[in-house]
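Written out below as structure tokens is the structure these notes cover.
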Amino acid sequence: MITAIREVRRAKGMTLEEVGRRCVPPTTAQTIGRLETGTRTVSVAWLNRIAAALGVDAADLVRLPERPEIAVAAVLDGAGAQAPRRAASVVPPRAEPGLVAVTVTGGIGDYRAGDEIWCERLAPEDFGRALNRDVLVPRPAGRLLFGRLIGREAPAGEEGTGKLHLLPLGGGMRQQVVADPAWIAFAVRLVRGL
């Protein structure tokens, strides 16, 4: 099996030692190196352990002939564009379970017409993860609200999710309060054509 462990590890900026320490249970840098180079057979169990340590899906570590790779041609920072020090590639975005999308048909806030905003759905007990992020919130009668989650009031008792305070993206719009939504989805990826 041909793996992309080394490429993904380098793209994440991690050393062999860091990956080994993050594995559960921890392992040595030498073992990770052998798995990367193919001198040691990579089992499904190893793929799962290394994928968890890298924060990716195991499928991202398997190189298939038809899998597209996008070569990194330049690194861009405040000083401008430079050639990468080592050959690198990026993995194209892949849909995951629990994602929903928002398509932008007219510019608003930081978003332009044609943008796709990929959002991860959250259950009420995880709403705190979305503070200060752009979120999609269902409202009564099938309506929706998209804006920045700026606050959350805990419920008085243990019933309900409390009140969410959202700042709409358009200029001059007033803060909105939504009580006890069944779910929210926070923006995790912006897909924008140029």
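Residues in the structure tokens are named by chain (A, B, ... in the order shown) and by number from 1 within that chain; ligands are numbered from 1 in the order shown.
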Exercise for the section: Go through region 5-90 of chain A and collect every residue that DSSP, computed from the backbone, puts in alpha helix (DSSP H); the answer should be as a PyMOL selection string. Expected result: chain A and resi 5-11+16-22+29-37+44-54
Practice task
Would you kindly return, as a PyMOL selection string, each protein, DNA or RNA residue with an atom no farther than 8 Å from any atom of region 135-145 of chain A, considering only C-alpha atoms and excluding same-chain residues fewer than 2 positions away?
Solution key: chain A and resi 119+130+133+147-149+168+178+181-187
What's the 7 Å shell around Ala74 (chain A), counting only C-alpha atoms, without same-chain residues fewer than 2 positions away, as an mmCIF file with N, CA and C atoms, in the first residue's frame?
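Saved as selection.cif:
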data_model
loop_
_atom_site.group_PDB
_atom_site.id
_atom_site.type_symbol
_atom_site.label_atom_id
_atom_site.label_comp_id
_atom_site.auth_asym_id
_atom_site.auth_seq_id
_atom_site.Cartn_x
_atom_site.Cartn_y
_atom_site.Cartn_z
ATOM 1 N N VAL A 72 2.293 22.375 -4.277
ATOM 2 C CA VAL A 72 2.477 23.722 -3.742
ATOM 3 C C VAL A 72 3.581 24.384 -4.555
ATOM 4 N N LEU A 76 3.194 31.989 0.543
ATOM 5 C CA LEU A 76 2.921 33.421 0.567
ATOM 6 C C LEU A 76 2.821 33.912 1.998
ATOM 7 N N ALA A 81 5.800 36.199 -2.082
ATOM 8 C CA ALA A 81 5.789 34.787 -2.464
ATOM 9 C C ALA A 81 7.207 34.255 -2.564
ATOM 10 N N GLN A 82 7.418 33.074 -2.002
ATOM 11 C CA GLN A 82 8.704 32.391 -2.086
ATOM 12 C C GLN A 82 8.457 30.952 -2.511
ATOM 13 N N ALA A 83 9.496 30.359 -3.116
ATOM 14 C CA ALA A 83 9.408 28.946 -3.470
ATOM 15 C C ALA A 83 9.457 28.126 -2.187
ATOM 16 N N PRO A 84 8.707 27.030 -2.109
ATOM 17 C CA PRO A 84 8.758 26.192 -0.904
ATOM 18 C C PRO A 84 10.148 25.567 -0.756
#
Exercise for the section: Please provide as a list in words all residues within 12 Å of Val56 (chain A), with the sequence filter that same-chain residues fewer than 6 positions apart are discarded (counting only C-alpha atoms). Expected result: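 Those residues are Ala4, Ile5, Val8, Arg9, Ala11, Lys12, Leu47, Asn48, Arg49, Ile50, Val62, Val91, Pro93, Arg94 and Glu96 of chain A.
Take CA of Val191 (chain A) and CA of Val100 (chain A): the distance between them is 12.9 Å.
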Which neighbours of Glu18 (chain A) fall inside 12 Å, counting only C-alpha atoms, when residues of the same chain fewer than 2 positions from it are skipped, and could you give them as a compact mmCIF listing (two decimals) with N, CA and C atoms, in the first residue's frame?
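Produced file result_37.txt, reproduced below:
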# COMPACT_ATOMS: atom_id res chain seq x y z
N ARG A 9 2.08 14.63 7.10
CA ARG A 9 2.82 15.05 8.30
C ARG A 9 3.56 16.35 8.03
N ARG A 10 4.26 16.42 6.90
CA ARG A 10 5.01 17.63 6.55
C ARG A 10 4.08 18.81 6.31
N LYS A 12 1.34 19.32 7.73
CA LYS A 12 0.88 19.76 9.06
C LYS A 12 2.01 20.40 9.86
N GLY A 13 3.26 20.33 9.34
CA GLY A 13 4.40 20.91 10.03
C GLY A 13 4.82 20.15 11.27
N MET A 14 4.59 18.84 11.28
CA MET A 14 4.90 18.03 12.45
C MET A 14 6.14 17.17 12.21
N THR A 15 6.89 16.90 13.28
CA THR A 15 8.05 16.02 13.21
C THR A 15 7.61 14.59 13.47
N LEU A 16 8.52 13.66 13.17
CA LEU A 16 8.24 12.25 13.46
C LEU A 16 7.99 12.06 14.96
N GLY A 20 4.65 10.53 16.78
CA GLY A 20 4.80 9.38 17.68
C GLY A 20 4.22 9.64 19.06
N ARG A 21 4.44 10.85 19.59
CA ARG A 21 3.91 11.20 20.92
C ARG A 21 2.39 11.31 20.91
N ARG A 22 1.82 11.77 19.79
CA ARG A 22 0.37 11.94 19.71
C ARG A 22 -0.37 10.63 19.47
N CYS A 23 0.33 9.60 19.03
CA CYS A 23 -0.32 8.31 18.82
C CYS A 23 -0.81 7.75 20.15
N PRO A 26 1.41 5.97 22.62
CA PRO A 26 2.56 6.61 21.97
C PRO A 26 3.53 5.58 21.39
N THR A 27 4.24 6.01 20.35
CA THR A 27 5.24 5.15 19.71
C THR A 27 6.48 5.98 19.42
N THR A 28 7.48 5.36 18.82
CA THR A 28 8.74 6.06 18.56
C THR A 28 8.73 6.74 17.20
N ALA A 29 9.62 7.73 17.06
CA ALA A 29 9.80 8.41 15.79
C ALA A 29 10.31 7.42 14.75
N GLN A 30 11.14 6.48 15.17
CA GLN A 30 11.69 5.47 14.26
C GLN A 30 10.58 4.62 13.64
N ILE A 32 7.39 5.51 13.24
CA ILE A 32 6.65 6.36 12.30
C ILE A 32 7.44 6.49 11.00
N GLY A 33 8.74 6.68 11.10
CA GLY A 33 9.59 6.79 9.91
C GLY A 33 9.54 5.53 9.06
N ILE A 50 -2.24 6.78 13.27
CA ILE A 50 -1.48 7.91 12.74
C ILE A 50 -2.43 9.01 12.26
N ALA A 53 -3.50 10.96 15.19
CA ALA A 53 -2.40 11.80 15.66
C ALA A 53 -2.21 13.03 14.78
N LEU A 54 -2.47 12.89 13.48
CA LEU A 54 -2.33 14.01 12.54
C LEU A 54 -3.59 14.86 12.43
